[in-house]
Amino acid sequence: MMSARLRTASFFRATHRRRPLPASGISFGHQTNCALAATAVWRRGNAALVHHYQTSSSRFVHATPLIFSKNDDASSPFSRLSKSNSSGSSSHDDTSGGARPKPNNRHTTATTASISQVFDDDDDNDASYYNNYTTDAYDFENEEETSQLQLWHETKESEFQQLDAQTTQLLDSSIKSTNAIISQIQQWNEFISSITTDMNFDFRTKHPYYPPSEFMTSITYDAAEKATRLLMHLTQRQKQQRQEKIPPSLEVQAYKLVMNAWSNVFHWSSGDRCEEILEVYGQKFGGDMNYMPSIDDYKTVMKAHLKSCSSRYNTSTDHDDSGAAASPGEKALEILNLLNNVYTAGDLFLKPDVELYSHTIAVVRNTLLDWQLRRRFHGSDVEFETELSLELLSVLEQMEGTMAEAATAGEHDATIQSFHYIIRAYSDAIAVVSRIHLGDKHSASIERSSEQILETLEQFITSNDDAIILSAGGEDEAADNAIFEEIKRCIEGAYSSQLSSRLSVSDFNTALANATTSEQIFHRMKERSDGIATNKSKLFPAPTPDHVQALIRANIECLSGQYFQPEFNITLENIEELPHLKAQRLLKELEVQQAGRPIDGSLYSDIAWAYTQIPHWPSIHKGDKYNSTTKSARELLEHTMHQYSQGSIIFSSVGTVSKIYNNLFSLYSKKMARNSRNMKGKEAAMKQCLALFDDMEYWYEESDGVIAKPDSHTFGLILKTIFNSGFPSSFDCAKSIVQRMAGLGVQAKQRDYLILMKIANDPTKAEEILNRVKANYDRDQSEKPSTSLYSECISAYAKSRHQNSPSKVMHLFSELDQLYQSTGDPDFRPDTKLYGATIDAISKSKSKGHAAIRQAMKLLDKMENDFDSGLIDVGPNRYAYTSILSSISQTKAPDGHVLAEDLLRRMNNRSRHVNDKEILPDTVAYTALLQALARSRSPDKIDTAKKWFAEMETRYAEGNSDLKPNKITYTALINCWRSSGRPDSGEQAQQVLELVEQRCQEGDHEIKPDAMLYSSVIDAWSRGQSTEKVERAWDLYSRMREQYANGNIDMKPNDIIMSTLIKCCGFAQGEKSKKKGLKVLLQCFSEVTSSKNIGQSPSTFYALLTSLSRLVGDDARRRPVSAAIFEACVKAGQLNGSVLNALSECQPELYVKLPFVVNGRYRNEDIPTEWRKNIRETRQA
């Protein structure tokens, strides 16, 4: 057995000699439900208290979570506490003199304040509620509690200074007895223990799991360092003064006292420091049967690791070469496995018992839940968490095996402490297993569900109810009662964990099943508390507000928009009570139950979040997607603030009210889409949003800045609502909002300036915004004119028809490029979006001589070269090429089609050069080329168009889905025939139309022919030389009219199509064909004057008169018709200069008789107003 102990010490020392320490942190003990991650700075809003914290000259930062200070001055053990608690974490050198060990920096950017913000960058907020909600810390409710805390701090600081002075005096004295040193260690040990036990005022009593402050962490750490220093002095003194031999019993006592001291320190390194002491202890006494480390010493190490749990330790990938674990949970499992192996080898004194198993489970639980609640998931971490959870269940199984052996042997430990360890272990196991992500591939390995563990716990409580209650009546009644209360809290926590289990689920069905199970458990608790259930154990808790909140969250999780699928929507429609209505009912019941006692406001925030998810579910909003939802959310807000004004609600976190308002702002921002035509609804949404903001400011001022503080996300949502409104005055409104932001101390972000530019919809205003940011950058660099802002400003020029200027755009581009070259700041680095916006703006300009296209091509060359040389990270994308192609397709450059062909080939070559298939030409590129060919005068354009179209179809048939011809593609091909000048242009265009109709009938409904396609074919017939052109064109028009009458709104005839058909009549050749043309022309005239579907315009009457002139050469024969056409034009109020010119050619004697025609001439302003009153301005222009 002695050799086994020696092996134990050797193995333990080898395993832990150079283990990497966890990165930082504290353990919060065994908290219930939502308090598990209560790491935010604990202040609910006492302005005086906040001011006191900010201005206090005390060396302690009162009641704030552990955040490492950058100052580690060893001159005073508290000097680092004089820094603000907002400084964030930083490394500490591992020096002598009590400095903190250096943490691992893997997670130094993680925050200790919260899990994550609900509305970081995702406006839709569709993620699982469990992953997004911010857990709340606590704050004192009155000045009396604040004074108590301050007084307690001052008292403890004074005690520390006295003990420190005693220790210094003892170490400096020439006579240092062993008993005196051990006595001093004992005093430090008692002092550390008092830190967590002396806070006996009301707040500490009501909130026993309140997270330790930085004060508690720092003072206990420094005290443990003092005790360790005394131990080191004791052992070194023995080596130096060989004549004085310290009795082993006293030296062992010293080791145990220092280990116990570290086990009460809330610090990320406390477990490792305790292990180091045990290692030295085991190395010296491992072979001595009387003094070797016992199982109790390993329990002490477990307790120390329990205090060191935090979110800032390394993940499973951060192991050293020896394979040492990185997290407290891994370390605890490693120690347990070591002890199991040693016990199996024959050392019966190191047999793990229920207490050790319970401590191990507690460490793993705190490790996992802290990990899950206070950081974002990564794939490898989730897998590792599942593995740790499986290990925890294995430990639970071992504990149950030990319990069974004891029961069989009649050695059952019936002490209150033993019952506490067992119940705590089950509660911790439930807390872990209930949060296993069900979408994880390893979740199937969890053979024992949290529901099953809860049932086992209930059976254990039922079987041992009387024994547990009797065991609380020991000699130390106060201590037993404290443990008894802890047992009840563990049971209460087990139910809280199970009720809020698996809030991070993968689909609607799982969420719904979880909500159903949670409700069953809740009703079981309620029946027991109401005396309805047969099992009436006093240990089973009645539902608390925490349980109600857990049930509410389980229900509203079903509404998460990320779960939406049509079949789930049907399921939701058939639910008897919708989740958000059930949540509101539960809240109302709680309000009645808690009459006279305030309710945590986060409950109201939870339901407000649920309303933001309702628009995803048609079965709830039933077509009224936002109006009723927004109204209900507004009523909830009004009720919440009324309850707050009555003192019926407390807000544990200053951000809770802001979150409720932001949820409502989110609804307003999505209530009306930007392209919605419901202008009244959009205007109402914007006004309601601004009124809500006024209301939010009222509460912020009314509370002296404690609640309802508008934050950056608030303003982002308001600006989005204003943008969606689309009103001309929206820019001025948005500017005032930005000014109010500054007044509230909220600095505008880049996204705010970007949306302000979009709202402006004017390049001049966009540039003014950019110049403002540039001025702030030049003054104090408080804001940066980033690449995104330049890109948006350039895009504003691209969207403007009248203000687009290639020179201005290139000036902005060059300005940013120079800024990047001079500073090297990556925020100024040109990117693909900037190049694309610049190319797009230049391509769309109205520059003469097509210089703009040439300039865009040069910029494209530069972008390719900069990418190839490594100056920019991303090269030109497909859009950069197609924007130039689209511009080419809209010009009448003689060589436009040549440029387009070259650019298309360039895309293919570039794709091969950079091995990027995303650059390959797509449908847009090929269509733009065909459009350029349609505008070209090249005699070979038809052959060229046929070649490129055939290539496009071939590559699509080979599997390139990006090259599927669309309706615009076919229209461009028809236009190539239309403008070809070939005699058979009509026949060829008709063949393309028939191909489109055939493919549409075969199932490709995306290319369903429309009026524009038919119009192009009619025009192709009119330009060809077929003697059947009139009949074929009229046939197409008749088909259009018939389809429209049958409900195909895409086939609605209009004045442009009618003008094209009339022109076709005028181009009829041959006597027979002209007769047919005149007949069709008269039918067209009848359609124009009688059909309600065809709008009348000057172009239609112009076409009628000019075509009549071509078809009828005899003035006398055409006089009645021309007079009727002119009369109809005047009656329609569509008379303009083009119609008068056509009349002068068709019927000159009628023209000269007009009252405003003098000597064959007229002035437009002399045309009677009634004759031209209905001309649209665009037409007239």
# chains A, B, ... in the order shown; residues from 1 in each chain; ligands from 1

$ select_by_dssp --residues "range 845-928 of chain A" --states "helix (DSSP H, G or I)" --output "ChimeraX atom specification"
/A:848-868,878-889,896-914,917-919,923-928

$ closest_residue --among "A:Gln148, A:Gln459, A:Gln646, A:Ser845" --to "Lys799 in chain A" --atoms "only C-alpha atoms"
A:Ser845

$ closest_residue --among "A:Phe693, A:Phe813, A:Tyr281, A:Phe828" --to "Leu859 in chain A" --atoms "only C-alpha atoms"
A:Phe813

$ residues_around --residues "Arg365 in chain A" --least-positions-apart "4" --cutoff "9 Å" --atoms "only C-alpha atoms" --output "ChimeraX atom specification"
/A:30,329,360-361,369-370,389,392,428-429,431-432

$ residues_around --residues "range 1087-1096 of chain A" --least-positions-apart "5" --cutoff "7 Å" --atoms "only C-alpha atoms" --output "ChimeraX atom specification"
/A:1053-1055

$ residues_around --residues "range 1108-1110 of chain A" --least-positions-apart "5" --cutoff "9 Å" --atoms "only C-alpha atoms" --output "list of chain:residue names"
A:Cys1065, A:Gly1066, A:Phe1067, A:Ala1068, A:Lys1074, A:Leu1078, A:Leu1081, A:Ala1103, A:Asp1115, A:Arg1118, A:Val1121, A:Ser1122, A:Ala1142, A:Glu1145, A:Cys1146, A:Gln1147

$ closest_residue --among "A:Gln803, A:Ser308, A:Asn555, A:Ser506" --to "Asp272 in chain A" --atoms "only C-alpha atoms"
A:Ser308

$ atom_distance --atom1 "CA of Asp780 in chain A" --atom2 "CA of Lys833 in chain A"
27.4 Å
